[in-house]
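Chemist: Quick one, query_36.pdb (PDB, C-alpha atoms):
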ATOM      1  CA  MET A 201     -24.855 -10.308  21.834
ATOM      2  CA  ILE A 202     -23.829 -10.924  18.208
ATOM      3  CA  ILE A 203     -26.398  -8.406  16.954
ATOM      4  CA  ALA A 204     -25.054  -5.806  19.379
ATOM      5  CA  VAL A 205     -21.492  -6.358  18.114
ATOM      6  CA  ILE A 206     -22.611  -6.103  14.481
ATOM      7  CA  LEU A 207     -24.520  -2.884  15.168
ATOM      8  CA  LYS A 208     -21.512  -1.449  16.987
ATOM      9  CA  LYS A 209     -19.238  -2.226  14.020
ATOM     10  CA  LEU A 210     -21.725  -0.722  11.565
ATOM     11  CA  LYS A 211     -22.032   2.414  13.697
ATOM     12  CA  GLN A 212     -18.262   2.751  13.858
ATOM     13  CA  ALA A 213     -17.938   2.355  10.073
ATOM     14  CA  PHE A 214     -20.698   4.922   9.490
ATOM     15  CA  THR A 215     -18.962   7.352  11.854
ATOM     16  CA  ASP A 216     -15.721   6.957   9.892
ATOM     17  CA  LEU A 217     -17.523   7.670   6.615
ATOM     18  CA  LEU A 218     -19.638  10.538   7.976
ATOM     19  CA  PRO A 219     -17.137  13.328   7.119
ATOM     20  CA  ILE A 220     -17.067  12.194   3.470
ATOM     21  CA  ILE A 221     -20.869  12.059   3.351
ATOM     22  CA  LEU A 222     -21.169  15.549   4.852
ATOM     23  CA  VAL A 223     -18.643  17.038   2.410
ATOM     24  CA  ILE A 224     -20.425  15.559  -0.619
ATOM     25  CA  ALA A 225     -23.841  16.632   0.687
ATOM     26  CA  PHE A 226     -22.619  20.178   1.400
ATOM     27  CA  PHE A 227     -21.167  20.776  -2.054
ATOM     28  CA  GLN A 228     -24.061  19.065  -3.836
ATOM     29  CA  ILE A 229     -26.824  20.899  -1.952
ATOM     30  CA  ILE A 230     -25.292  24.217  -0.856
ATOM     31  CA  VAL A 231     -22.718  24.960  -3.578
ATOM     32  CA  LEU A 232     -24.119  23.217  -6.668
ATOM     33  CA  LYS A 233     -27.704  23.558  -5.382
ATOM     34  CA  GLN A 234     -28.738  20.315  -7.017
ATOM     35  CA  PRO A 235     -30.232  17.155  -5.559
ATOM     36  CA  LEU A 236     -28.109  14.042  -5.567
ATOM     37  CA  PRO A 237     -28.630  12.148  -8.840
ATOM     38  CA  GLN A 238     -30.148   8.683  -8.485
ATOM     39  CA  MET A 239     -30.760   9.116  -4.762
ATOM     40  CA  GLY A 240     -31.890   5.528  -4.252
ATOM     41  CA  GLU A 241     -28.755   4.017  -5.787
ATOM     42  CA  VAL A 242     -26.530   6.455  -3.868
ATOM     43  CA  LEU A 243     -28.130   5.521  -0.537
ATOM     44  CA  PHE A 244     -27.956   1.811  -1.299
ATOM     45  CA  GLY A 245     -24.318   2.155  -2.363
ATOM     46  CA  THR A 246     -23.534   4.016   0.856
ATOM     47  CA  LEU A 247     -25.062   1.195   2.896
ATOM     48  CA  LEU A 248     -22.924  -1.313   0.985
ATOM     49  CA  VAL A 249     -19.808   0.754   1.687
ATOM     50  CA  VAL A 250     -20.637   0.914   5.407
ATOM     51  CA  ALA A 251     -21.219  -2.834   5.543
ATOM     52  CA  GLY A 252     -18.095  -3.586   3.519
ATOM     53  CA  LEU A 253     -15.913  -1.312   5.632
ATOM     54  CA  SER A 254     -17.144  -2.859   8.879
ATOM     55  CA  LEU A 255     -16.517  -6.388   7.536
ATOM     56  CA  PHE A 256     -13.074  -5.381   6.259
ATOM     57  CA  VAL A 257     -12.004  -3.927   9.622
ATOM     58  CA  GLN A 258     -13.340  -7.002  11.421
ATOM     59  CA  GLY A 259     -11.413  -9.232   9.026
ATOM     60  CA  LEU A 260      -8.211  -7.328   9.752
ATOM     61  CA  GLU A 261      -8.677  -7.728  13.496
ATOM     62  CA  MET A 262      -9.535 -11.431  13.262
ATOM     63  CA  GLY A 263      -7.232 -12.585  10.485
ATOM     64  CA  LEU A 264      -4.483 -10.429   8.980
ATOM     65  CA  PHE A 265      -3.106  -8.745  12.104
ATOM     66  CA  PRO A 266      -2.899 -11.949  14.193
ATOM     67  CA  ILE A 267      -1.360 -14.051  11.427
ATOM     68  CA  GLY A 268       1.259 -11.398  10.652
ATOM     69  CA  GLU A 269       2.293 -11.093  14.290
ATOM     70  CA  SER A 270       2.238 -14.854  14.944
ATOM     71  CA  MET A 271       4.432 -15.610  11.921
ATOM     72  CA  ALA A 272       6.891 -12.901  12.959
ATOM     73  CA  HIS A 273       7.077 -14.390  16.473
ATOM     74  CA  ALA A 274       7.523 -17.920  15.096
ATOM     75  CA  LEU A 275      10.281 -16.945  12.656
ATOM     76  CA  ALA A 276      12.088 -14.937  15.333
ATOM     77  CA  ARG A 277      11.984 -17.929  17.703
ATOM     78  CA  LYS A 278      13.279 -20.164  14.921
ATOM     79  CA  GLY A 279      16.393 -18.025  14.845
ATOM     80  CA  SER A 280      17.013 -18.294  11.103
ATOM     81  CA  LEU A 281      17.879 -14.928   9.571
ATOM     82  CA  PHE A 282      17.722 -16.400   6.064
ATOM     83  CA  TRP A 283      14.121 -17.583   6.359
ATOM     84  CA  LEU A 284      13.054 -14.407   8.130
ATOM     85  CA  LEU A 285      14.423 -12.271   5.303
ATOM     86  CA  CYS A 286      12.911 -14.596   2.696
ATOM     87  CA  PHE A 287       9.543 -14.270   4.411
ATOM     88  CA  ALA A 288       9.869 -10.471   4.563
ATOM     89  CA  PHE A 289      10.649 -10.211   0.834
ATOM     90  CA  ALA A 290       7.971 -12.712  -0.178
ATOM     91  CA  LEU A 291       5.356 -10.980   1.984
ATOM     92  CA  GLY A 292       6.091  -7.561   0.501
ATOM     93  CA  PHE A 293       6.187  -8.896  -3.065
ATOM     94  CA  SER A 294       3.028 -11.017  -2.880
ATOM     95  CA  THR A 295       0.858  -8.468  -1.086
ATOM     96  CA  THR A 296       1.855  -5.737  -3.541
ATOM     97  CA  VAL A 297       1.114  -7.872  -6.599
ATOM     98  CA  ALA A 298      -2.379  -8.428  -5.194
ATOM     99  CA  GLU A 299      -3.061  -4.731  -4.480
ATOM    100  CA  PRO A 300      -6.200  -3.669  -6.396
ATOM    101  CA  ALA A 301      -5.071  -0.028  -6.383
ATOM    102  CA  LEU A 302      -1.745  -0.913  -8.024
ATOM    103  CA  ILE A 303      -3.465  -3.046 -10.666
ATOM    104  CA  ALA A 304      -5.800  -0.166 -11.523
ATOM    105  CA  VAL A 305      -3.059   2.487 -11.626
ATOM    106  CA  ALA A 306      -0.708   0.294 -13.690
ATOM    107  CA  TRP A 307      -3.381  -0.356 -16.317
ATOM    108  CA  GLU A 308      -4.409   3.312 -16.380
ATOM    109  CA  ALA A 309      -0.773   4.315 -16.845
ATOM    110  CA  ALA A 310      -0.428   1.813 -19.695
ATOM    111  CA  GLU A 311      -3.510   3.175 -21.473
ATOM    112  CA  ILE A 312      -2.307   6.768 -21.163
ATOM    113  CA  ALA A 313       1.153   5.789 -22.409
ATOM    114  CA  GLY A 314      -0.468   4.093 -25.390
ATOM    115  CA  GLN A 315      -2.625   7.115 -26.158
ATOM    116  CA  GLY A 316       0.407   9.381 -25.897
ATOM    117  CA  GLY A 317       2.397   7.313 -28.368
ATOM    118  CA  LEU A 318       5.012   6.270 -25.816
ATOM    119  CA  ILE A 319       4.266   2.586 -26.392
ATOM    120  CA  GLU A 320       2.375   0.674 -29.055
ATOM    121  CA  PRO A 321      -1.370   1.056 -28.382
ATOM    122  CA  THR A 322      -2.001  -2.655 -28.806
ATOM    123  CA  ARG A 323      -3.483  -4.748 -26.006
ATOM    124  CA  ASP A 324      -0.352  -6.899 -25.742
ATOM    125  CA  SER A 325       1.884  -3.842 -25.404
ATOM    126  CA  LEU A 326      -0.400  -2.324 -22.791
ATOM    127  CA  LYS A 327      -0.470  -5.557 -20.792
ATOM    128  CA  GLN A 328       3.311  -5.896 -20.997
ATOM    129  CA  TYR A 329       3.864  -2.316 -19.840
ATOM    130  CA  ALA A 330       1.363  -2.639 -16.958
ATOM    131  CA  PHE A 331       2.839  -5.998 -15.934
ATOM    132  CA  GLY A 332       6.372  -4.590 -15.931
ATOM    133  CA  LEU A 333       5.223  -1.663 -13.826
ATOM    134  CA  ARG A 334       3.547  -3.961 -11.306
ATOM    135  CA  MET A 335       6.572  -6.252 -11.085
ATOM    136  CA  SER A 336       8.917  -3.291 -10.566
ATOM    137  CA  VAL A 337       6.770  -2.001  -7.729
ATOM    138  CA  ALA A 338       6.281  -5.453  -6.184
ATOM    139  CA  PHE A 339      10.019  -6.228  -6.248
ATOM    140  CA  SER A 340      10.821  -2.850  -4.709
ATOM    141  CA  VAL A 341       8.303  -3.363  -1.897
ATOM    142  CA  GLY A 342       9.696  -6.827  -1.189
ATOM    143  CA  LEU A 343      13.197  -5.351  -0.981
ATOM    144  CA  ALA A 344      11.885  -2.494   1.178
ATOM    145  CA  ILE A 345      10.343  -4.872   3.718
ATOM    146  CA  LEU A 346      13.557  -6.912   3.746
ATOM    147  CA  ILE A 347      15.582  -3.766   4.525
ATOM    148  CA  GLY A 348      13.034  -2.758   7.151
ATOM    149  CA  VAL A 349      13.329  -6.135   8.874
ATOM    150  CA  MET A 350      17.118  -5.819   8.866
ATOM    151  CA  ARG A 351      16.721  -2.392  10.440
ATOM    152  CA  ILE A 352      14.640  -3.862  13.262
ATOM    153  CA  ILE A 353      17.124  -6.687  13.831
ATOM    154  CA  ARG A 354      20.223  -4.462  13.748
ATOM    155  CA  GLY A 355      18.635  -1.466  15.469
ATOM    156  CA  TRP A 356      19.469   1.013  12.702
ATOM    157  CA  PRO A 357      17.911   4.500  13.135
ATOM    158  CA  VAL A 358      14.942   4.749  10.791
ATOM    159  CA  HIS A 359      15.425   8.422   9.918
ATOM    160  CA  TYR A 360      18.875   7.841   8.403
ATOM    161  CA  LEU A 361      17.478   5.309   5.957
ATOM    162  CA  ILE A 362      14.418   7.404   5.103
ATOM    163  CA  ILE A 363      16.435  10.586   4.504
ATOM    164  CA  SER A 364      18.961   8.709   2.361
ATOM    165  CA  GLY A 365      16.151   7.148   0.350
ATOM    166  CA  TYR A 366      14.480  10.466  -0.403
ATOM    167  CA  VAL A 367      17.822  11.951  -1.437
ATOM    168  CA  VAL A 368      18.051   9.146  -4.018
ATOM    169  CA  VAL A 369      14.452   9.878  -5.097
ATOM    170  CA  MET A 370      15.276  13.554  -5.672
ATOM    171  CA  LEU A 371      18.442  12.733  -7.607
ATOM    172  CA  MET A 372      16.636  10.221  -9.824
ATOM    173  CA  THR A 373      13.909  12.782 -10.507
ATOM    174  CA  PHE A 374      16.470  14.873 -12.405
ATOM    175  CA  ILE A 375      17.512  12.038 -14.719
ATOM    176  CA  ALA A 376      14.275  10.035 -15.084
ATOM    177  CA  PRO A 377      12.019  10.627 -18.121
ATOM    178  CA  LYS A 378       9.324  13.155 -17.284
ATOM    179  CA  GLU A 379       6.671  10.699 -18.498
ATOM    180  CA  ILE A 380       7.383   8.336 -15.592
ATOM    181  CA  ILE A 381       7.962  10.734 -12.683
ATOM    182  CA  GLY A 382       4.299  11.283 -11.790
ATOM    183  CA  ILE A 383       3.563   7.560 -12.027
ATOM    184  CA  ALA A 384       6.594   6.783  -9.838
ATOM    185  CA  TYR A 385       5.443   9.197  -7.148
ATOM    186  CA  ASP A 386       1.926   7.761  -7.220
ATOM    187  CA  ALA A 387       3.322   4.223  -7.027
ATOM    188  CA  GLY A 388       4.632   5.002  -3.577
ATOM    189  CA  GLY A 389       1.101   5.667  -2.405
ATOM    190  CA  VAL A 390      -0.881   2.908  -4.074
ATOM    191  CA  THR A 391       1.422   0.195  -2.721
ATOM    192  CA  THR A 392       0.537   1.067   0.870
ATOM    193  CA  SER A 393      -3.114   0.113   0.597
ATOM    194  CA  THR A 394      -5.663  -2.358   1.914
ATOM    195  CA  ILE A 395      -3.693  -5.607   1.644
ATOM    196  CA  THR A 396      -0.084  -4.568   2.209
ATOM    197  CA  VAL A 397      -0.431  -2.267   5.222
ATOM    198  CA  PRO A 398      -2.106  -4.629   7.738
ATOM    199  CA  LEU A 399       0.262  -7.535   7.140
ATOM    200  CA  VAL A 400       3.418  -5.438   6.997
ATOM    201  CA  ALA A 401       2.504  -3.444  10.108
ATOM    202  CA  ALA A 402       1.739  -6.658  11.983
ATOM    203  CA  LEU A 403       5.075  -8.111  10.850
ATOM    204  CA  GLY A 404       7.019  -5.134  12.163
ATOM    205  CA  VAL A 405       5.255  -5.016  15.531
ATOM    206  CA  GLY A 406       5.452  -8.778  15.992
ATOM    207  CA  LEU A 407       9.144  -8.899  15.123
ATOM    208  CA  ALA A 408      10.058  -5.982  17.391
ATOM    209  CA  SER A 409       8.110  -7.631  20.224
ATOM    210  CA  SER A 410      10.054 -10.865  19.766
ATOM    211  CA  ILE A 411      13.582  -9.425  19.793
ATOM    212  CA  LYS A 412      15.159  -8.566  23.110
ATOM    213  CA  GLY A 413      16.049  -4.897  23.397
ATOM    214  CA  ARG A 414      13.630  -3.758  20.698
ATOM    215  CA  SER A 415      10.558  -1.640  21.379
ATOM    216  CA  PRO A 416       7.404  -2.309  19.329
ATOM    217  CA  LEU A 417       6.575   1.398  19.514
ATOM    218  CA  VAL A 418      10.013   2.660  18.459
ATOM    219  CA  ASP A 419      11.278  -0.159  16.237
ATOM    220  CA  GLY A 420       8.070  -1.907  15.148
ATOM    221  CA  PHE A 421       6.851   0.866  12.867
ATOM    222  CA  GLY A 422       8.516   2.311   9.792
ATOM    223  CA  LEU A 423       8.147  -0.594   7.381
ATOM    224  CA  ILE A 424       5.303   1.183   5.591
ATOM    225  CA  ALA A 425       7.580   4.169   4.975
ATOM    226  CA  PHE A 426      10.098   1.909   3.216
ATOM    227  CA  ALA A 427       7.281   0.306   1.234
ATOM    228  CA  SER A 428       6.236   3.711  -0.107
ATOM    229  CA  LEU A 429       9.780   4.965  -0.709
ATOM    230  CA  LEU A 430      11.507   2.296  -2.775
ATOM    231  CA  PRO A 431       8.765   1.991  -5.446
ATOM    232  CA  MET A 432       9.448   5.594  -6.490
ATOM    233  CA  ILE A 433      13.098   4.738  -7.106
ATOM    234  CA  PHE A 434      12.390   1.479  -8.920
ATOM    235  CA  VAL A 435       9.597   2.873 -11.114
ATOM    236  CA  MET A 436      11.817   5.745 -12.240
ATOM    237  CA  GLY A 437      14.466   3.132 -13.027
ATOM    238  CA  TYR A 438      11.851   1.212 -14.992
ATOM    239  CA  GLY A 439      11.078   4.392 -16.917
ATOM    240  CA  LEU A 440      14.752   4.852 -17.741
ATOM    241  CA  ILE A 441      14.781   1.360 -19.267
ATOM    242  CA  ILE A 442      11.466   1.648 -21.139
ATOM    243  CA  PHE A 443      11.684   5.273 -22.347
ATOM    244  CA  GLY A 444      15.470   5.490 -22.598
TER     245      GLY A 444
END
Would you kindly transcribe this structure into structure tokens?

Modeler:
Amino acid sequence: MIIAVILKKLKQAFTDLLPIILVIAFFQIIVLKQPLPQMGEVLFGTLLVVAGLSLFVQGLEMGLFPIGESMAHALARKGSLFWLLCFAFALGFSTTVAEPALIAVAWEAAEIAGQGGLIEPTRDSLKQYAFGLRMSVAFSVGLAILIGVMRIIRGWPVHYLIISGYVVVMLMTFIAPKEIIGIAYDAGGVTTSTITVPLVAALGVGLASSIKGRSPLVDGFGLIAFASLLPMIFVMGYGLIIFG
């Protein structure tokens, strides 16, 4: 029984990765007309990716989704708006700080800024710049989840908030230093990654399920959109401070 479940998960993960494998194989064999370099390592790495993806999905189903929904239900039953909003902010902030994609992008941005002469190319300056970038994004995601939770509680239409947010993004694009605009836009994507999305989505669905008159399908989703929107605004603000 356990072996059958494991094989099913591995098959599902392989099916999800199959389009990527076919695209790489097509361009390598048909277009470039070259065999894959280090075929043994590539195949072994692919097997590791399949196994890792299946374990990751299983971990989401067993751990992150249930705990996010259960905590949302418990806080809603407690009836304390203060603690619910504190939890929403803390969840958004902590999950974003731990995002591997954000850590990688922040350090890459720091190195490029150092090479371009925008900041001192010393290790301390690079670390300070990357840390400031991460904190700006993490704070903005925490605030975004807090606003999203308030939207669910109050029943605010999601499209009004999203449209207003993107209007602010466009306006800030005109005044922000050009060196930070691309990083700010990318920050909106890297925040919604492997750690943040499962917990935040579970929080929204669990909260909407716990509040009378709210629909999990209509009101439970949309938190991820806020989490990708506010970082663009805050990172451009960070650029205004750093680059003047």

Chemist: Could you give me, as JSON, numbers by chain, the residues within 8 Å of Thr391 of chain A, counting all atoms listed in the file and dropping anything in the same chain fewer than 5 positions from it?

Modeler: {"A": [296, 299, 301, 302, 337, 341, 396, 427, 428]}

Chemist: To one decimal in Å, tell me the separation between atom CA of Arg351 of chain A and atom CA of Asp419 of chain A.

Modeler: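 Going from atom CA of Arg351 of chain A over to atom CA of Asp419 of chain A covers 8.3 Å.
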
Chemist: What's around Leu371 of chain A at 12 Å? Count all atoms listed in the file, leave out sequence neighbours fewer than 2 positions away in its own chain, and write the answer as a list in words.

Modeler: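 Non-adjacent residues within range: Ser364, Gly365, Tyr366, Val367, Val368, Val369, Thr373, Phe374, Ile375, Ala376, Ile381, Met432, Ile433, Met436 and Gly437 of chain A.
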
Chemist: Evaluated on this file, the PyMOL selection byres ((chain A and resi 233-250) around 12) picks out some residues - which ones are they, written as a PyMOL selection string?

Modeler: chain A and resi 206-218+220-221+224-232+251-257

Chemist: What's the separation between atom CA of Ser415 of chain A and atom CA of Ile352 of chain A, in Å to one decimal place?

Modeler: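 Atom CA of Ser415 of chain A sits 9.4 Å away from atom CA of Ile352 of chain A.
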
Chemist: Between A:Leu291, A:Leu430, A:Leu399, A:Leu281, which one has atoms that come closest to Ala387 of chain A, using all atoms listed in the file?

Modeler: A:Leu430

Chemist: Decode the PyMOL selection byres ((chain A and resi 423) around 12) for the given file into explicit residues and return them as a VMD selection string.

Modeler: chain A and resid 288 to 289 292 341 to 352 358 to 359 361 to 362 392 396 to 405 407 to 408 418 to 422 424 to 430

Chemist: Could you list, as a tab-separated table (two decimals) with C-alpha atoms, keeping the file's coordinate frame, every residue matched by the PyMOL selection byres ((chain A and resi 411) around 10) in this structure?

Modeler:
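Listed below is the output, part-v1.tsv:
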chain	number	residue	atom	x	y	z
A	273	HIS	CA	7.08	-14.39	16.47
A	276	ALA	CA	12.09	-14.94	15.33
A	277	ARG	CA	11.98	-17.93	17.70
A	352	ILE	CA	14.64	-3.86	13.26
A	353	ILE	CA	17.12	-6.69	13.83
A	406	GLY	CA	5.45	-8.78	15.99
A	407	LEU	CA	9.14	-8.90	15.12
A	408	ALA	CA	10.06	-5.98	17.39
A	409	SER	CA	8.11	-7.63	20.22
A	410	SER	CA	10.05	-10.86	19.77
A	412	LYS	CA	15.16	-8.57	23.11
A	413	GLY	CA	16.05	-4.90	23.40
A	414	ARG	CA	13.63	-3.76	20.70
A	415	SER	CA	10.56	-1.64	21.38
A	416	PRO	CA	7.40	-2.31	19.33

Chemist: Expressed in Å to a single decimal, how great is the separation between atom CA of Ile442 of chain A and atom CA of Tyr385 of chain A?

Modeler: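 About the pair atom CA of Ile442 of chain A and atom CA of Tyr385 of chain A: they are 17.0 Å apart.
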
Chemist: From the list A:Cys286, A:Leu333, A:Tyr360, A:Val390, which residue is nearest Ile441 of chain A when using all atoms listed in the file?

Modeler: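 The answer is A:Leu333, which sits nearest to Ile441 of chain A.
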
Chemist: For Gly332 of chain A, which residue among A:Met370, A:Gly279, A:Ala274, A:Val297 is the nearest when counting all atoms listed in the file?

Modeler: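 Answer, going by the shortest atom-to-atom distance: A:Val297.
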
Chemist: Would you kindly return, as a short mmCIF file (atom, residue, chain, number, x, y, z; two decimals) with C-alpha atoms, keeping the file's coordinate frame, each protein, DNA or RNA residue with an atom no farther than 7 Å from any atom of Pro377 of chain A, considering all atoms listed in the file and excluding same-chain residues fewer than 2 positions away?

Modeler:
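Output contents, as saved in part.cif:
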data_model
loop_
_atom_site.label_atom_id
_atom_site.label_comp_id
_atom_site.auth_asym_id
_atom_site.auth_seq_id
_atom_site.Cartn_x
_atom_site.Cartn_y
_atom_site.Cartn_z
CA ILE A 375 17.51 12.04 -14.72
CA GLU A 379 6.67 10.70 -18.50
CA ILE A 380 7.38 8.34 -15.59
CA ILE A 381 7.96 10.73 -12.68
CA GLY A 439 11.08 4.39 -16.92
CA LEU A 440 14.75 4.85 -17.74
CA PHE A 443 11.68 5.27 -22.35
#

Chemist: Pick out the residues sitting within 10 Å of Met335 of chain A, and hand them over as an MDAnalysis selection string; count only C-alpha atoms, and ignore anything fewer than 3 positions along from it in its own chain.

Modeler: chainID A and resid 293 296:297 329:332 338:341 434:435 438

Chemist: Measuring atom to atom with only C-alpha atoms, identify which of A:Ile383, A:Ile203, A:Ile395, A:Leu417 is nearest to Ala313 of chain A.

Modeler: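 Answer, going by the shortest atom-to-atom distance: A:Ile383.
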
Chemist: Using only C-alpha atoms, which residues sit within 9 Å of Ala310 of chain A once same-chain residues fewer than 5 positions away are excluded, as a compact mmCIF listing (two decimals) with C-alpha atoms, keeping the file's coordinate frame?

Modeler:
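Written output follows (selection04.txt):
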# COMPACT_ATOMS: atom_id res chain seq x y z
CA VAL A 305 -3.06 2.49 -11.63
CA GLN A 315 -2.62 7.12 -26.16
CA ILE A 319 4.27 2.59 -26.39
CA PRO A 321 -1.37 1.06 -28.38
CA SER A 325 1.88 -3.84 -25.40
CA LEU A 326 -0.40 -2.32 -22.79
CA LYS A 327 -0.47 -5.56 -20.79
CA GLN A 328 3.31 -5.90 -21.00
CA TYR A 329 3.86 -2.32 -19.84
CA ALA A 330 1.36 -2.64 -16.96
CA LEU A 333 5.22 -1.66 -13.83

Chemist: Return the single residue from A:Ala384, A:Arg334, A:Leu318, A:Lys278 that is closest to Ala304 of chain A, with distances computed using only C-alpha atoms.

Modeler: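 Under the stated criterion, the closest residue is A:Arg334.
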
Chemist: Could you rebuild segment 209-224 of chain A with N, CA and C atoms and give it back as a short mmCIF file (atom, residue, chain, number, x, y, z; two decimals), in the coordinates of the input?

Modeler:
data_model
loop_
_atom_site.label_atom_id
_atom_site.label_comp_id
_atom_site.auth_asym_id
_atom_site.auth_seq_id
_atom_site.Cartn_x
_atom_site.Cartn_y
_atom_site.Cartn_z
N LYS A 209 -20.18 -2.33 15.13
CA LYS A 209 -19.24 -2.23 14.02
C LYS A 209 -19.80 -1.35 12.89
N LEU A 210 -21.10 -1.53 12.60
CA LEU A 210 -21.72 -0.72 11.56
C LEU A 210 -21.75 0.75 11.95
N LYS A 211 -22.03 1.03 13.22
CA LYS A 211 -22.03 2.41 13.70
C LYS A 211 -20.65 3.03 13.59
N GLN A 212 -19.63 2.25 13.94
CA GLN A 212 -18.26 2.75 13.86
C GLN A 212 -17.87 3.05 12.41
N ALA A 213 -18.24 2.14 11.49
CA ALA A 213 -17.94 2.36 10.07
C ALA A 213 -18.66 3.58 9.53
N PHE A 214 -19.93 3.76 9.93
CA PHE A 214 -20.70 4.92 9.49
C PHE A 214 -20.08 6.21 10.03
N THR A 215 -19.61 6.18 11.27
CA THR A 215 -18.96 7.35 11.85
C THR A 215 -17.70 7.72 11.09
N ASP A 216 -16.94 6.70 10.66
CA ASP A 216 -15.72 6.96 9.89
C ASP A 216 -16.03 7.57 8.53
N LEU A 217 -17.15 7.17 7.95
CA LEU A 217 -17.52 7.67 6.62
C LEU A 217 -18.31 8.98 6.67
N LEU A 218 -18.77 9.37 7.85
CA LEU A 218 -19.64 10.54 7.98
C LEU A 218 -19.00 11.82 7.43
N PRO A 219 -17.71 12.10 7.70
CA PRO A 219 -17.14 13.33 7.12
C PRO A 219 -17.22 13.37 5.59
N ILE A 220 -16.98 12.23 4.93
CA ILE A 220 -17.07 12.19 3.47
C ILE A 220 -18.50 12.48 3.02
N ILE A 221 -19.46 11.86 3.70
CA ILE A 221 -20.87 12.06 3.35
C ILE A 221 -21.27 13.52 3.51
N LEU A 222 -20.81 14.14 4.59
CA LEU A 222 -21.17 15.55 4.85
C LEU A 222 -20.54 16.47 3.81
N VAL A 223 -19.31 16.20 3.42
CA VAL A 223 -18.64 17.04 2.41
C VAL A 223 -19.38 16.95 1.08
N ILE A 224 -19.71 15.73 0.65
CA ILE A 224 -20.42 15.56 -0.62
C ILE A 224 -21.79 16.22 -0.57
#
